[in-house]
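Working notes for the structure below.
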Amino acid sequence: MDSSLYVLVEDLRGVDAARILAHGVSSITVGAAYHRARDVTPHGRSRVTFRHDGVHFPLDGHFDGLRLVPPVREGADEQPLRALREETRALGVPLHGWGVFLHNTTLGLAFPDVTQENCFGDRAAPADLCPSHPDVRAYAVALGRAIARQGMDSVVAESLHFGTFGHGYHHERSFVELGPAAEFALGLCFCEHCRRRVPGADQARDVAARLAASVLDGGPPAEEIPDVLAAFARARTPVVTSLAAEVADAVAVEGSRLTFVDLTGAMKGYADGLPSGAPAAADAWQVGIDPASLAGAVPSYAVLCYARETARIAEDIAAYRAALGPDTRLRAVLRPGHPDTASAEHLAAKIDAARASGADTVDFYQYGLVPLPVLDRIPDQRLNDQRLNERRRGSR
């Protein structure tokens with residue numbers, strides 16, 4: 001079974017494919033299109049790395065005629081993705097192209113009308129491109145096709161859905177205790193394209209504005225999401241499913257396949273590895289994701305299992321497997337170190353739990369962000385595959 005280690009292009013400088021694969025995995029998932037970030041990179045050329053929005057390959061006409069064109073990163077003319085593709089082919093292992101699709105501050109600042117519009121009419125989330133907007137949808141399809149054309153075995157699509165209020169810009173402040181309901185309300189998009197595509201938008205916008213205003217005017221934090229807003233959010237799922245299907249079709253034409261990344265697990269456990277409440281699959285609707293409908297649109301589905309507790313990972317994976325059905329490939333993405341994992345034994349237990357609960361493979365996030373001793377916790381996945389196959393044969 002394919003098991004992959006995520007890596008960003010900046011972290012590859014001076015590092016070959018064999019060194020990445022030495023950490024117990026059978027493939028590499030490389031960031032072909034990423035977003036701006038400042039990262040602590042423990043074993044990188046720089047110990048703190050600033051990343052920019054953009055793609056790590058020449059455009060070569062992939063976006064001709066489109067309004068939205070991604071920035072091209074420094075060094076893209078050196079073809080780092082092609083070089084890595086040649087290395088992995090020589091080693092006989094897959095290479096997956098990871099793209100951040102609708103989270104792009106550079107494009108959002110240049111074209112505010114394609115970003116999400118909140119219930120007050122503010123375009124206050126420049127990083128969040130709206131999946132209802134025709135220009136954004138055309139851009140996403142072109143980006144998927146362009147990544148596939150770099151020779152990738154699959155295209156791993158992150159942020160191919162609606163954004164949330166808590167992650168709309170790189171430096172955010174709120175000295176108001178909003179509560180989960182008001183924060184949710186402020187993260188909903190009511191642009192003209194969402195109002196046209198999603199039923200109940202006008203009523204939901206009024207409810208969201210009243211809810212958020214009551215807190216901003218000095219009222220108590222809002223805890224419970226009103227049924228009207230929940231219904232509106234759930235009604236957005238066809239927007240995301242249809243977009244994912246369009247991107248998957250474009251990728252397939254290029255001889256590759258799409259993996260849809262569901263970020264709900266990161267929404268719940270990113271900061272501390274302590275997600276609470278319902279399994280992630282039950283809350284994915286909040287960003288327009290319906291795993292059951294996506295199962296018919298994409299061949300592969302990745303979930304971020306950002307959790308300390310082995311039982312929580314098992315619960316999340318089982319819920320996704322039930323929603324997706326048996327035919328969609330399910331990839332569990334684990335963090336091998338802080339804040340989720342304390343030891344090699346802890347990681348091994350979580351890998352076993354994910355696979356036993358229905359994950360087809362387990363991937364690891366992320367090469368450049370953790371110390372090398374933490375990467376050494378990753379067990380050889382070929383041995384894990386052998387153990388799993390023996391266990392399955394024994395159960396027949």
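Scheme for the structure tokens: letters A, B, ... for chains in order shown; per-chain residue numbers from 1; ligand numbers from 1 in order shown.
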
I'd like the contact shell of Ala230 (chain A) - 10 Å cut-off, only C-alpha atoms, skipping same-chain residues fewer than 4 positions apart - returned as a PDB file with C-alpha atoms, in the first residue's frame.
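Output (result02.pdb):
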ATOM      1  CA  PHE A 184     -19.421  30.279  12.304  1.00  0.00           C
ATOM      2  CA  ALA A 185     -21.861  32.962  11.154  1.00  0.00           C
ATOM      3  CA  ALA A 204     -29.569  32.992   6.357  1.00  0.00           C
ATOM      4  CA  ILE A 225     -25.749  27.524  15.567  1.00  0.00           C
ATOM      5  CA  PRO A 226     -29.311  28.398  14.483  1.00  0.00           C
ATOM      6  CA  ARG A 234     -25.525  22.107   4.347  1.00  0.00           C
ATOM      7  CA  ALA A 235     -27.157  23.416   1.174  1.00  0.00           C
ATOM      8  CA  TRP A 285     -20.795  20.250   6.347  1.00  0.00           C
ATOM      9  CA  GLN A 286     -19.634  23.440   8.065  1.00  0.00           C
TER      10      GLN A 286
END

Write out as an mmCIF file with N, CA, C and O atoms, in the first residue's frame each polymer residue whose atoms come within 12 Å of Asp2 (chain A), counting only C-alpha atoms; drop sequence neighbours fewer than 4 positions from it.
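So the final result, stored in selection.cif, reads:
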data_model
loop_
_atom_site.group_PDB
_atom_site.id
_atom_site.type_symbol
_atom_site.label_atom_id
_atom_site.label_comp_id
_atom_site.auth_asym_id
_atom_site.auth_seq_id
_atom_site.Cartn_x
_atom_site.Cartn_y
_atom_site.Cartn_z
ATOM 1 N N LEU A 21 12.441 9.175 1.402
ATOM 2 C CA LEU A 21 11.874 7.835 1.469
ATOM 3 C C LEU A 21 12.496 6.997 2.583
ATOM 4 O O LEU A 21 11.895 6.012 3.031
ATOM 5 N N GLY A 24 10.669 5.647 6.086
ATOM 6 C CA GLY A 24 9.679 4.590 6.248
ATOM 7 C C GLY A 24 8.492 4.628 5.313
ATOM 8 O O GLY A 24 7.545 3.864 5.496
ATOM 9 N N VAL A 25 8.502 5.527 4.307
ATOM 10 C CA VAL A 25 7.351 5.664 3.420
ATOM 11 C C VAL A 25 7.686 5.144 2.032
ATOM 12 O O VAL A 25 8.852 4.928 1.686
ATOM 13 N N SER A 26 6.639 4.972 1.215
ATOM 14 C CA SER A 26 6.819 4.420 -0.122
ATOM 15 C C SER A 26 6.543 5.426 -1.225
ATOM 16 O O SER A 26 6.589 5.074 -2.403
ATOM 17 N N SER A 27 6.239 6.673 -0.864
ATOM 18 C CA SER A 27 6.039 7.713 -1.876
ATOM 19 C C SER A 27 6.236 9.083 -1.240
ATOM 20 O O SER A 27 6.384 9.203 -0.021
ATOM 21 N N ILE A 28 6.217 10.113 -2.086
ATOM 22 C CA ILE A 28 6.387 11.494 -1.637
ATOM 23 C C ILE A 28 5.209 12.310 -2.139
ATOM 24 O O ILE A 28 4.751 12.144 -3.278
ATOM 25 N N THR A 29 4.695 13.197 -1.288
ATOM 26 C CA THR A 29 3.661 14.159 -1.671
ATOM 27 C C THR A 29 4.276 15.546 -1.579
ATOM 28 O O THR A 29 4.579 16.025 -0.486
ATOM 29 N N VAL A 93 8.995 4.709 -7.391
ATOM 30 C CA VAL A 93 7.992 5.049 -6.379
ATOM 31 C C VAL A 93 7.086 6.168 -6.899
ATOM 32 O O VAL A 93 7.486 6.965 -7.748
ATOM 33 N N PRO A 94 5.857 6.266 -6.370
ATOM 34 C CA PRO A 94 4.933 7.317 -6.811
ATOM 35 C C PRO A 94 5.339 8.697 -6.300
ATOM 36 O O PRO A 94 5.989 8.835 -5.257
ATOM 37 N N LEU A 95 4.907 9.715 -7.032
ATOM 38 C CA LEU A 95 5.039 11.106 -6.620
ATOM 39 C C LEU A 95 3.675 11.774 -6.761
ATOM 40 O O LEU A 95 3.057 11.722 -7.826
ATOM 41 N N HIS A 96 3.210 12.384 -5.679
ATOM 42 C CA HIS A 96 1.905 13.045 -5.664
ATOM 43 C C HIS A 96 2.106 14.555 -5.588
ATOM 44 O O HIS A 96 2.965 15.042 -4.845
ATOM 45 N N ASP A 153 1.508 11.244 -10.113
ATOM 46 C CA ASP A 153 0.635 10.076 -10.058
ATOM 47 C C ASP A 153 -0.751 10.450 -9.547
ATOM 48 O O ASP A 153 -1.742 9.817 -9.922
ATOM 49 N N SER A 154 -0.814 11.449 -8.670
ATOM 50 C CA SER A 154 -2.107 11.965 -8.230
ATOM 51 C C SER A 154 -1.955 13.432 -7.876
ATOM 52 O O SER A 154 -0.844 13.927 -7.656
ATOM 53 N N ARG A 329 -10.879 5.311 -1.990
ATOM 54 C CA ARG A 329 -9.638 5.106 -1.243
ATOM 55 C C ARG A 329 -9.552 6.152 -0.130
ATOM 56 O O ARG A 329 -9.700 7.341 -0.375
ATOM 57 N N LEU A 330 -9.288 5.691 1.085
ATOM 58 C CA LEU A 330 -9.257 6.579 2.255
ATOM 59 C C LEU A 330 -7.835 6.655 2.807
ATOM 60 O O LEU A 330 -7.262 5.639 3.195
ATOM 61 N N ARG A 331 -7.300 7.872 2.848
ATOM 62 C CA ARG A 331 -5.949 8.116 3.348
ATOM 63 C C ARG A 331 -6.046 8.885 4.658
ATOM 64 O O ARG A 331 -6.687 9.934 4.722
ATOM 65 N N ALA A 332 -5.401 8.368 5.700
ATOM 66 C CA ALA A 332 -5.332 9.050 6.990
ATOM 67 C C ALA A 332 -3.991 9.768 7.085
ATOM 68 O O ALA A 332 -2.946 9.176 6.841
ATOM 69 N N ALA A 359 -8.846 2.881 7.111
ATOM 70 C CA ALA A 359 -7.937 3.640 6.254
ATOM 71 C C ALA A 359 -7.181 2.689 5.332
ATOM 72 O O ALA A 359 -6.652 1.668 5.787
ATOM 73 N N ASP A 360 -7.124 3.014 4.056
ATOM 74 C CA ASP A 360 -6.359 2.200 3.115
ATOM 75 C C ASP A 360 -4.867 2.445 3.247
ATOM 76 O O ASP A 360 -4.063 1.555 2.943
ATOM 77 N N THR A 361 -4.506 3.642 3.656
ATOM 78 C CA THR A 361 -3.097 3.965 3.832
ATOM 79 C C THR A 361 -2.968 5.077 4.847
ATOM 80 O O THR A 361 -3.937 5.781 5.153
ATOM 81 N N VAL A 362 -1.762 5.254 5.367
ATOM 82 C CA VAL A 362 -1.484 6.306 6.338
ATOM 83 C C VAL A 362 -0.334 7.154 5.806
ATOM 84 O O VAL A 362 0.720 6.632 5.420
ATOM 85 N N ASP A 363 -0.539 8.457 5.760
ATOM 86 C CA ASP A 363 0.476 9.412 5.331
ATOM 87 C C ASP A 363 0.923 10.259 6.518
ATOM 88 O O ASP A 363 0.274 10.251 7.573
ATOM 89 N N PHE A 364 2.006 11.031 6.321
ATOM 90 C CA PHE A 364 2.585 11.760 7.447
ATOM 91 C C PHE A 364 2.889 13.203 7.057
ATOM 92 O O PHE A 364 3.400 13.493 5.969
ATOM 93 N N ASP A 380 8.593 1.487 9.255
ATOM 94 C CA ASP A 380 8.649 1.092 7.851
ATOM 95 C C ASP A 380 7.261 0.599 7.435
ATOM 96 O O ASP A 380 6.772 -0.415 7.933
ATOM 97 N N GLN A 381 6.645 1.329 6.519
ATOM 98 C CA GLN A 381 5.272 1.005 6.149
ATOM 99 C C GLN A 381 5.155 -0.293 5.368
ATOM 100 O O GLN A 381 4.090 -0.898 5.317
ATOM 101 N N ARG A 382 6.262 -0.762 4.770
ATOM 102 C CA ARG A 382 6.208 -2.051 4.088
ATOM 103 C C ARG A 382 5.989 -3.173 5.102
ATOM 104 O O ARG A 382 5.260 -4.122 4.835
ATOM 105 N N ASN A 384 4.459 -2.719 7.962
ATOM 106 C CA ASN A 384 3.068 -2.555 8.393
ATOM 107 C C ASN A 384 2.106 -3.208 7.405
ATOM 108 O O ASN A 384 1.117 -3.830 7.789
ATOM 109 N N ASP A 385 2.406 -3.041 6.103
ATOM 110 C CA ASP A 385 1.551 -3.643 5.083
ATOM 111 C C ASP A 385 1.563 -5.162 5.202
ATOM 112 O O ASP A 385 0.526 -5.819 5.082
#

Worksheet entry | Distance of CA of Gln116 (chain A) from CA of His171 (chain A), expressed in Å to one decimal place |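 Computing it gives 17.4 Å between the two atoms.
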
Discussion item. So that I can check the surroundings of region 54-57 of chain A, please list as a VMD selection string every protein, DNA and RNA residue that reaches within 6 Å of it, counting only C-alpha atoms and ignoring chain neighbours fewer than 4 positions away.
Written reply: chain A and resid 32 to 34 70 to 73 76 79

If you keep N, CA and C atoms, can you produce a file of those selected residues as a PDB file, in the first residue's frame?
ATOM      1  N   ALA A  32       3.202  21.354  -4.773  1.00  0.00           N
ATOM      2  CA  ALA A  32       3.356  21.980  -6.080  1.00  0.00           C
ATOM      3  C   ALA A  32       2.802  23.398  -6.102  1.00  0.00           C
ATOM      4  N   ALA A  33       1.781  23.664  -5.292  1.00  0.00           N
ATOM      5  CA  ALA A  33       1.161  24.993  -5.196  1.00  0.00           C
ATOM      6  C   ALA A  33       0.820  25.207  -3.732  1.00  0.00           C
ATOM      7  N   TYR A  34       1.392  26.262  -3.128  1.00  0.00           N
ATOM      8  CA  TYR A  34       1.223  26.417  -1.694  1.00  0.00           C
ATOM      9  C   TYR A  34       0.842  27.854  -1.361  1.00  0.00           C
ATOM     10  N   PRO A  70      -1.960  32.068 -10.919  1.00  0.00           N
ATOM     11  CA  PRO A  70      -1.174  31.986  -9.687  1.00  0.00           C
ATOM     12  C   PRO A  70       0.190  32.644  -9.839  1.00  0.00           C
ATOM     13  N   PRO A  71       0.721  33.233  -8.758  1.00  0.00           N
ATOM     14  CA  PRO A  71       2.106  33.696  -8.793  1.00  0.00           C
ATOM     15  C   PRO A  71       3.039  32.501  -9.011  1.00  0.00           C
ATOM     16  N   VAL A  72       4.159  32.752  -9.645  1.00  0.00           N
ATOM     17  CA  VAL A  72       5.163  31.717  -9.867  1.00  0.00           C
ATOM     18  C   VAL A  72       6.314  31.962  -8.913  1.00  0.00           C
ATOM     19  N   ARG A  73       6.686  30.951  -8.160  1.00  0.00           N
ATOM     20  CA  ARG A  73       7.691  31.108  -7.133  1.00  0.00           C
ATOM     21  C   ARG A  73       9.106  31.130  -7.707  1.00  0.00           C
ATOM     22  N   ALA A  76      11.177  28.372  -9.872  1.00  0.00           N
ATOM     23  CA  ALA A  76      10.302  27.478 -10.638  1.00  0.00           C
ATOM     24  C   ALA A  76      10.900  27.137 -11.999  1.00  0.00           C
ATOM     25  N   GLN A  79      12.678  23.909 -12.483  1.00  0.00           N
ATOM     26  CA  GLN A  79      11.850  22.705 -12.579  1.00  0.00           C
ATOM     27  C   GLN A  79      12.101  21.728 -11.419  1.00  0.00           C
TER      28      GLN A  79
END

Worksheet item: So which one's closest to Leu91 (chain A), A:Ala22, A:Val253, A:Val374, A:Ala233? Using only C-alpha atoms, please.
Response: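 Closest candidate: A:Ala22.
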
Practice prompt. Once DSSP has gone over the backbone, tell me which residues of region 113-216 of chain A are in strand (DSSP E), as a ChimeraX atom specification.
Written response: /A:154-158

Residue subset to file, keeping N, CA and C atoms, as a CSV table (one decimal), in the first residue's frame:
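Output contents, as saved in out_32.csv:
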chain,number,residue,atom,x,y,z
A,154,SER,N,-0.8,11.4,-8.7
A,154,SER,CA,-2.1,12.0,-8.2
A,154,SER,C,-2.0,13.4,-7.9
A,155,VAL,N,-3.1,14.1,-7.8
A,155,VAL,CA,-3.2,15.5,-7.4
A,155,VAL,C,-3.9,15.5,-6.1
A,156,VAL,N,-3.2,16.0,-5.0
A,156,VAL,CA,-3.8,16.1,-3.7
A,156,VAL,C,-4.3,17.5,-3.5
A,157,ALA,N,-5.6,17.6,-3.4
A,157,ALA,CA,-6.3,19.0,-3.4
A,157,ALA,C,-6.7,19.4,-2.0
A,158,GLU,N,-6.0,20.3,-1.5
A,158,GLU,CA,-6.3,20.9,-0.2
A,158,GLU,C,-7.1,22.2,-0.4

Worksheet item: Can you tell me how far CA of Ala142 (chain A) sits from CA of Ala245 (chain A), in Å to one decimal?
Response: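 Taking CA of Ala142 (chain A) as the start and CA of Ala245 (chain A) as the end point, the length is 13.2 Å.
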
Discussion item. Please list as a list in words every residue within 8 Å of Phe63 (chain A), counting only C-alpha atoms and excluding residues in the same chain fewer than 6 positions away.
Written reply: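 Result of the neighbour search: Val69, Tyr139, Ala142 and Leu143 of chain A.
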
Print the selection's residues with C-alpha atoms to a file, as a PDB file, in the first residue's frame.
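Dumped everything to out_6.pdb:
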ATOM      1  CA  VAL A  69      -3.338  33.286 -12.544  1.00  0.00           C
ATOM      2  CA  TYR A 139      -8.871  28.614 -11.746  1.00  0.00           C
ATOM      3  CA  ALA A 142      -6.742  24.801 -14.422  1.00  0.00           C
ATOM      4  CA  LEU A 143      -4.597  24.389 -11.301  1.00  0.00           C
TER       5      LEU A 143
END

Assign secondary structure with DSSP using the backbone only, and return the residues of region 12-137 of chain A in helix (DSSP H, G or I) as a CSV table (one decimal) with C-alpha atoms, in the first residue's frame.
chain,number,residue,atom,x,y,z
A,12,LEU,CA,13.9,19.9,-0.6
A,17,ALA,CA,14.1,11.6,-2.9
A,18,ALA,CA,16.0,8.7,-1.3
A,19,ARG,CA,16.5,10.7,1.9
A,20,ILE,CA,12.8,11.5,2.1
A,21,LEU,CA,11.9,7.8,1.5
A,76,ALA,CA,10.3,27.5,-10.6
A,77,ASP,CA,12.3,27.8,-13.9
A,78,GLU,CA,14.7,25.2,-12.4
A,80,PRO,CA,12.2,21.3,-9.0
A,81,LEU,CA,9.1,19.1,-9.5
A,82,ARG,CA,10.3,17.6,-12.7
A,83,ALA,CA,13.7,16.9,-11.1
A,84,LEU,CA,11.9,15.1,-8.2
A,85,ARG,CA,9.7,13.2,-10.7
A,86,GLU,CA,12.8,11.9,-12.4
A,87,GLU,CA,14.3,10.8,-9.1
A,88,THR,CA,11.2,9.0,-8.0
A,89,ARG,CA,10.8,7.3,-11.3
A,90,ALA,CA,14.3,6.0,-11.1
A,91,LEU,CA,13.5,4.6,-7.7
A,105,THR,CA,-4.0,35.7,-0.1
A,106,THR,CA,-2.1,37.1,-3.1
A,107,LEU,CA,-5.0,36.4,-5.5
A,108,GLY,CA,-7.6,37.5,-2.9
A,109,LEU,CA,-6.0,40.9,-2.4
A,110,ALA,CA,-5.6,41.4,-6.1
A,112,PRO,CA,-11.4,41.0,-3.8
A,113,ASP,CA,-14.6,40.2,-5.6
A,114,VAL,CA,-13.6,36.5,-5.8
A,134,PRO,CA,-17.0,31.1,-11.8
A,135,ASP,CA,-13.5,32.6,-12.0
A,136,VAL,CA,-12.5,30.6,-9.0
A,137,ARG,CA,-13.9,27.4,-10.3
